[in-house]
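Here's the structure we're looking at; comments come further down.
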Amino acid sequence: MNEERLRQALDARQVVYGTWVQTPSPEMVEIIGWSGWDFVILDLEHGAYGSEKLPHLIRAAEAAQAAPLVRVPLNAGHDVGKALDLGAVGIVAPGVTSGAAAEAVVRLTRFPPKGSRGASPSTRQLHYSGVPFASLTAEGALQPLVVVQVEAQLATSDLGSILDIAGLSVIFIGPYDLSTSLGLAGQFEHPKVRGAISEIVSQAAGRNMAVGIWAPDAASARFWVEQGVRFITVSNNELMLFNASTALRRAVESRPPS
């Protein structure tokens, strides 16, 4: 799924599926894309790489038809413009706890006077000067997707102010951080955690805002799709490889029943 199809799917309220890439391997990104995932999130927060690795990872995602987004920590806002210059279709911002923080993220993705993104005419996004810079600022020009992660109890209590911010594409729920903030680390099935997630989904649906979530496996993903979540990330590249490797290793020594 390329950028255009991803946008069309979100606009049509369809469910899209992606995963996280924490290993700086273009080959890994290509495998994920050719496996049929709609998008990848290149992870500068938890991945073992920095923005210098993004060019080849983004190229690999494009080659394999998986729309590339980049997660940029809030304290590394300078990497937002860099990721977009390199061709990322959008930004994922972790740890957003207020409307002010959400607005700050949106501004990082917009050019003045609506934002603070730096301007250059010779970026990869503009085919190194082959596309006019004015195409990014013209009336009706497509803006980068902005996915903000609400991961703390504070975010859920101030969700209304976050949903009020113009320019957001997806409200994304990080269940590990959310459950930890509730004193129930990793207990995704706990009624209090599920209740907090369901409240976010309900409030966002009331504003016609797409909701995303991380799911550890297919069963969890299906459950949240049934609850109205439309932007699903399942596992990550390292977990996929570890689980597949573990299952295969155990299988080669298992004995069929006699």
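For the structure tokens, the naming scheme is as follows: chains receive sequential letters (A, B, ...) according to their order of presentation, residues are indexed from 1 within each chain, and ligands are indexed from 1 in presentation order.
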
Enumerate as number ranges by chain all residues of region 47-251 of chain A assigned to strand (DSSP E) by DSSP on the backbone, naming them with the chain letters and numbers the document uses.
-> A: 67-71, 90-93, 145-150, 170-173, 210-215, 231-236

Selection near region 204-216 of chain A, 6 Å with only C-alpha atoms, sequence-local residues under 2 positions removed, as a list in words | Val170, Ile171, Phe172, Ile173, Val201, Ser202, Ser220, Ala221, Val229, Arg230, Phe231, Ile232, Thr233, Val234 and Ser235 of chain A

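Residue nearest Thr123 (chain A) within the list A:Gly81, A:Gly50, A:Gly186, A:Pro94: A:Gly81 [criterion: smallest interatomic distance, only C-alpha atoms].
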
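Using only C-alpha atoms, the nearest neighbour of Glu226 (chain A) within the list A:Gly90, A:Phe188, A:Ala9, A:Val15 is A:Val15.
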
From a backbone DSSP assignment, name each residue in region 79-118 of chain A labelled helix (DSSP H, G or I), as a tab-separated table (two decimals) with C-alpha atoms, in the first residue's frame.
chain	number	residue	atom	x	y	z
A	79	ASP	CA	14.34	14.86	13.03
A	80	VAL	CA	10.70	15.45	12.01
A	81	GLY	CA	11.55	17.71	9.08
A	82	LYS	CA	14.47	15.49	8.14
A	83	ALA	CA	12.25	12.40	7.95
A	84	LEU	CA	9.72	14.24	5.81
A	85	ASP	CA	12.45	15.65	3.55
A	99	GLY	CA	-3.43	19.47	23.31
A	100	ALA	CA	-0.44	21.81	23.41
A	101	ALA	CA	1.95	18.91	22.81
A	102	ALA	CA	-0.18	17.61	19.94
A	103	GLU	CA	-0.29	21.06	18.37
A	104	ALA	CA	3.49	21.32	18.64
A	105	VAL	CA	3.87	18.06	16.71
A	106	VAL	CA	1.57	19.26	13.93
A	107	ARG	CA	3.51	22.52	13.67
A	108	LEU	CA	6.76	20.58	13.17

Do a neighbour search on region 59-70 of chain A at 7 Å with only C-alpha atoms, toss out local chain neighbours closer than 5 positions, and write the hits as a list of chain:residue names.
->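 Non-adjacent residues within range: A:Met1, A:Asn2, A:Glu3, A:Pro26, A:Val29, A:Glu30, A:Gly33, A:Trp34, A:Trp37, A:Asp38, A:Phe39, A:Val40, A:Ile41, A:Leu42, A:Asp43, A:Ala83, A:Ala88, A:Val89, A:Gly90, A:Ile91, A:Val92.
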
Near region 136-139 of chain A, counting only C-alpha atoms, which residues have an atom at most 12 Å away, once you skip same-chain residues fewer than 2 positions from it, shown as JSON, numbers by chain?
-> {"A": [84, 85, 109, 110, 111, 112, 113, 114, 115, 117, 119, 120, 121, 123, 125, 126, 131, 132, 133, 134, 141, 142, 143, 144]}

Only C-alpha atoms, please: the residues just picked out, written as a PDB file, in the first residue's frame.
ATOM      1  CA  LEU A  84       9.715  14.243   5.812  1.00  0.00           C
ATOM      2  CA  ASP A  85      12.452  15.646   3.551  1.00  0.00           C
ATOM      3  CA  THR A 109       5.250  19.027  10.030  1.00  0.00           C
ATOM      4  CA  ARG A 110       3.941  22.306   8.518  1.00  0.00           C
ATOM      5  CA  PHE A 111       5.778  25.127   6.825  1.00  0.00           C
ATOM      6  CA  PRO A 112       5.429  28.733   8.030  1.00  0.00           C
ATOM      7  CA  PRO A 113       3.177  30.520   8.726  1.00  0.00           C
ATOM      8  CA  LYS A 114       1.245  27.436   9.902  1.00  0.00           C
ATOM      9  CA  GLY A 115       4.241  25.691  11.372  1.00  0.00           C
ATOM     10  CA  ARG A 117       9.258  23.094   9.402  1.00  0.00           C
ATOM     11  CA  ALA A 119      12.199  24.745   3.867  1.00  0.00           C
ATOM     12  CA  SER A 120      14.597  23.402   1.246  1.00  0.00           C
ATOM     13  CA  PRO A 121      14.080  23.012  -2.518  1.00  0.00           C
ATOM     14  CA  THR A 123      15.221  17.295  -0.748  1.00  0.00           C
ATOM     15  CA  GLN A 125      10.816  14.424  -1.182  1.00  0.00           C
ATOM     16  CA  LEU A 126      11.143  16.975  -4.014  1.00  0.00           C
ATOM     17  CA  VAL A 131       9.602  18.912  -8.132  1.00  0.00           C
ATOM     18  CA  PRO A 132       8.843  22.577  -7.376  1.00  0.00           C
ATOM     19  CA  PHE A 133       8.923  23.495  -3.713  1.00  0.00           C
ATOM     20  CA  ALA A 134       5.624  25.363  -4.203  1.00  0.00           C
ATOM     21  CA  ALA A 141      -1.425  20.312  -1.066  1.00  0.00           C
ATOM     22  CA  LEU A 142      -1.365  17.039   0.836  1.00  0.00           C
ATOM     23  CA  GLN A 143       0.027  17.411   4.340  1.00  0.00           C
ATOM     24  CA  PRO A 144       2.063  14.733   6.155  1.00  0.00           C
TER      25      PRO A 144
END

Exercise: Ala93 (chain A) partners within 9 Å, only C-alpha atoms, chain neighbours under 3 positions left out, as a PDB file with N, CA and C atoms, in the first residue's frame:
ATOM      1  N   VAL A  70       7.620   7.490  10.228  1.00  0.00           N
ATOM      2  CA  VAL A  70       8.777   7.502  11.123  1.00  0.00           C
ATOM      3  C   VAL A  70       8.342   7.962  12.505  1.00  0.00           C
ATOM      4  N   ARG A  71       8.700   7.170  13.529  1.00  0.00           N
ATOM      5  CA  ARG A  71       8.452   7.608  14.911  1.00  0.00           C
ATOM      6  C   ARG A  71       9.648   8.432  15.380  1.00  0.00           C
ATOM      7  N   VAL A  72       9.355   9.662  15.770  1.00  0.00           N
ATOM      8  CA  VAL A  72      10.386  10.594  16.221  1.00  0.00           C
ATOM      9  C   VAL A  72      10.081  11.016  17.653  1.00  0.00           C
ATOM     10  N   PRO A  73      10.988  10.798  18.596  1.00  0.00           N
ATOM     11  CA  PRO A  73      10.746  11.224  19.985  1.00  0.00           C
ATOM     12  C   PRO A  73      10.491  12.721  20.081  1.00  0.00           C
ATOM     13  N   LEU A  74       9.677  13.122  21.045  1.00  0.00           N
ATOM     14  CA  LEU A  74       9.339  14.533  21.206  1.00  0.00           C
ATOM     15  C   LEU A  74      10.567  15.399  21.457  1.00  0.00           C
ATOM     16  N   VAL A  96       2.468  11.926  23.816  1.00  0.00           N
ATOM     17  CA  VAL A  96       1.700  13.168  23.760  1.00  0.00           C
ATOM     18  C   VAL A  96       0.666  13.155  24.883  1.00  0.00           C
ATOM     19  N   ALA A 102       0.284  18.069  21.245  1.00  0.00           N
ATOM     20  CA  ALA A 102      -0.182  17.608  19.939  1.00  0.00           C
ATOM     21  C   ALA A 102      -0.056  18.711  18.898  1.00  0.00           C
ATOM     22  N   VAL A 105       3.486  19.083  17.687  1.00  0.00           N
ATOM     23  CA  VAL A 105       3.868  18.062  16.708  1.00  0.00           C
ATOM     24  C   VAL A 105       3.372  18.450  15.326  1.00  0.00           C
ATOM     25  N   VAL A 146      -0.097  12.748  10.550  1.00  0.00           N
ATOM     26  CA  VAL A 146       0.389  12.986  11.910  1.00  0.00           C
ATOM     27  C   VAL A 146      -0.315  12.013  12.847  1.00  0.00           C
ATOM     28  N   VAL A 147       0.464  11.117  13.406  1.00  0.00           N
ATOM     29  CA  VAL A 147      -0.041  10.111  14.339  1.00  0.00           C
ATOM     30  C   VAL A 147       0.513  10.448  15.716  1.00  0.00           C
ATOM     31  N   VAL A 148      -0.354  10.721  16.681  1.00  0.00           N
ATOM     32  CA  VAL A 148       0.119  11.029  18.030  1.00  0.00           C
ATOM     33  C   VAL A 148      -0.244   9.888  18.971  1.00  0.00           C
ATOM     34  N   GLN A 149       0.729   9.508  19.764  1.00  0.00           N
ATOM     35  CA  GLN A 149       0.530   8.399  20.703  1.00  0.00           C
ATOM     36  C   GLN A 149       0.080   8.932  22.062  1.00  0.00           C
TER      37      GLN A 149
END

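In this comparison, which uses only C-alpha atoms, the residue of A:Gly130, A:Gly47, A:Pro191, A:Gly140 approaching Val21 (chain A) most closely is A:Gly47.
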
Kindly give the distance, in Å, that separates CA of Tyr176 (chain A) and CA of Glu151 (chain A), rounded to a single decimal.
->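 Rounded to one decimal, the two atoms are 7.8 Å apart.
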
Could you work out how far CA of Pro175 (chain A) lies from CA of Val193 (chain A), giving the answer in Å with one decimal?
->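 According to the coordinates, CA of Val193 (chain A) and CA of Pro175 (chain A) are separated by 8.0 Å.
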